[in-house]
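Peer 1: Here it is: the structure, laid out below.
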Amino acid sequence: MSPTILLCFLIGYFLLLIIISFVTSKDSSDNNSFFVANRNSKWYLVAFGMIGTALSGVTFISVPGEVGAPAGNQFQYFQFVLGNAVGFIIICTVLLPLYYRMNLTSIYSYIEQRLGHYSYKTAASIFLLSRTLGSATRLYLVVIVLQRFIFDNYGVPFWLTVLISLALIWSYTFKGGLKTIIITDTLQTFFLVLSVFLTIYFICSSLN
């Protein structure tokens with residue numbers, strides 16, 4: 001597939017995300033709307049979108065290579081998947097009822113109530129640091145792919161590709177809040193699952 005077609009797909013996808021952000025941000029007039037979407041999100045959208053949040057460019061690109069490698073640990077990642085399933089069950093049965101009962105937004109509010117302000121700050125800081133490093137790594141991999149298959153063909157430097165990617169992500173998340181994230185994560189999950197089936201189809205077709 002040519003870089004121009006890939007670029008058109010990329011532009012179209014982000015335009016769709018920005019339109020979704022614009023539509024969903026109309027009712028995000030206060031912190032309650034922005035951070036918790038007024039607590040009236042559809043559970044099936046949240047559940048489906050969680051698949052996309054659990055996956056990333058690292059998962060989609062590197063895991064198949066590791067599983068298919070001759071010297072790879074084919075079932076190592078599967079153990080992680082099983083652990084996620086157990087973790088989701090614990091979250092649904094233990095943490096979510098607690099959140100609703102205590103009217104909490106996150107686990108860190110609970111930590112502050114039970115263990116104090118410094119424990120809350122420490123846990124939140126560790127989370128922010130780990131998520132920043134993890135997200136930076138995932139973004140780095142995605143930018144490498146964009147650079148290799150699209151922007152190298154137009155002479156765009158790598159640092160500019162990074163800035164473009166950050167600007168595009170910021171453009172659809174800064175205003176709409178959680179409601180926008182739920183819809184865009186659902187859309188992302190749909191395309192991830194669709195791409196898996198398309199990949200399997202094209203691989204099987206090429207083998208025949």
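As shown in the structure tokens, the chain order sets the letters A, B, ...; within each chain, residues go from 1, and ligands are also counted from 1 in the order they appear.
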Please provide the set of residues having any atom within 10 Å of Trp159 of chain A, restricted to only C-alpha atoms, with same-chain residues fewer than 4 positions apart removed, written as a ChimeraX atom specification.

Peer 2: /A:143,147,163-165

Peer 1: How about saving the chosen residues, N, CA and C atoms kept, as a PDB file, in the first residue's frame?

Peer 2:
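Here's the written file again-v2.pdb:
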ATOM      1  N   VAL A 143       5.289   5.937  16.482  1.00  0.00           N
ATOM      2  CA  VAL A 143       5.917   6.967  15.651  1.00  0.00           C
ATOM      3  C   VAL A 143       6.947   6.348  14.712  1.00  0.00           C
ATOM      4  N   GLN A 147       6.778   6.830  10.825  1.00  0.00           N
ATOM      5  CA  GLN A 147       7.946   7.387  10.134  1.00  0.00           C
ATOM      6  C   GLN A 147       8.410   6.462   9.019  1.00  0.00           C
ATOM      7  N   LEU A 163       6.043  15.355  17.141  1.00  0.00           N
ATOM      8  CA  LEU A 163       5.217  16.521  17.468  1.00  0.00           C
ATOM      9  C   LEU A 163       3.845  16.435  16.806  1.00  0.00           C
ATOM     10  N   ILE A 164       3.808  15.971  15.562  1.00  0.00           N
ATOM     11  CA  ILE A 164       2.526  15.818  14.866  1.00  0.00           C
ATOM     12  C   ILE A 164       1.643  14.805  15.594  1.00  0.00           C
ATOM     13  N   SER A 165       2.242  13.690  16.011  1.00  0.00           N
ATOM     14  CA  SER A 165       1.480  12.658  16.716  1.00  0.00           C
ATOM     15  C   SER A 165       0.924  13.186  18.029  1.00  0.00           C
TER      16      SER A 165
END

Peer 1: Find the distance between atom CA of Asn40 of chain A and atom CA of Tyr100 of chain A and write it in Å to one decimal.

Peer 2: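 Taking atom CA of Asn40 of chain A as the start and atom CA of Tyr100 of chain A as the end point, the length is 12.3 Å.
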
Peer 1: Smallest atom-to-atom distance to Phe48 of chain A: which of A:Tyr13, A:Tyr99, A:Tyr172, A:Phe190, using only C-alpha atoms?

Peer 2: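 Closest to Phe48 of chain A, using only C-alpha atoms: A:Phe190.
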
Peer 1: Excluding Val193 of chain A and any residue of its chain fewer than 5 positions from it, enumerate the residues within 12 Å of it, using only C-alpha atoms, and give them as a compact mmCIF listing (two decimals) with C-alpha atoms, in the first residue's frame.

Peer 2:
# COMPACT_ATOMS: atom_id res chain seq x y z
CA PHE A 48 -15.63 -2.89 24.68
CA GLY A 49 -13.40 0.18 24.80
CA ILE A 51 -10.08 -3.93 25.09
CA GLY A 52 -8.49 -1.11 23.13
CA LEU A 55 -3.83 -3.14 23.80
CA PHE A 60 -0.27 -5.38 18.14
CA THR A 186 -14.54 2.02 21.40
CA LEU A 187 -13.69 3.11 17.87
CA GLN A 188 -10.06 2.19 18.38
CA LEU A 198 -8.23 -8.64 8.01
CA THR A 199 -4.65 -9.66 8.77
CA ILE A 200 -5.67 -13.28 9.27

Peer 1: Can you list, as a PyMOL selection string, all residues belonging to segment 4-207 of chain A that DSSP tags as alpha helix (DSSP H)?

Peer 2: chain A and resi 4-24+31-36+43-54+57-68+76-90+96-102+107-115+117-149+158-173+178-207

Peer 1: Quick one: everything within 12 Å of segment 79-92 of chain A, counting only C-alpha atoms, minus sequence neighbours fewer than 3 positions away in the same chain. Send it as a ChimeraX atom specification.

Peer 2: /A:43,47,50-51,54-55,59,63,73-76,95-100,106-107

Peer 1: In terms of the shortest atom-to-atom distance over only C-alpha atoms, which of A:Leu168, A:Ile203, A:Met102, A:Ile61 is closest to Leu15 of chain A?

Peer 2: A:Leu168

Peer 1: Between atom CA of Leu166 of chain A and atom CA of Ser56 of chain A, what distance in Å does the model show, to one decimal?

Peer 2: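 If I compute the distance from atom CA of Leu166 of chain A to atom CA of Ser56 of chain A, I get 15.7 Å.
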
Peer 1: Smallest atom-to-atom distance to Leu141 of chain A: which of A:Ile18, A:Val46, A:Ala69, A:Val162, using only C-alpha atoms?

Peer 2: A:Val162

Peer 1: What gap, in Å, lies between atom CA of Thr184 of chain A and atom CA of Ile20 of chain A?

Peer 2: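 Here the two named atoms are 7.5 Å from each other.
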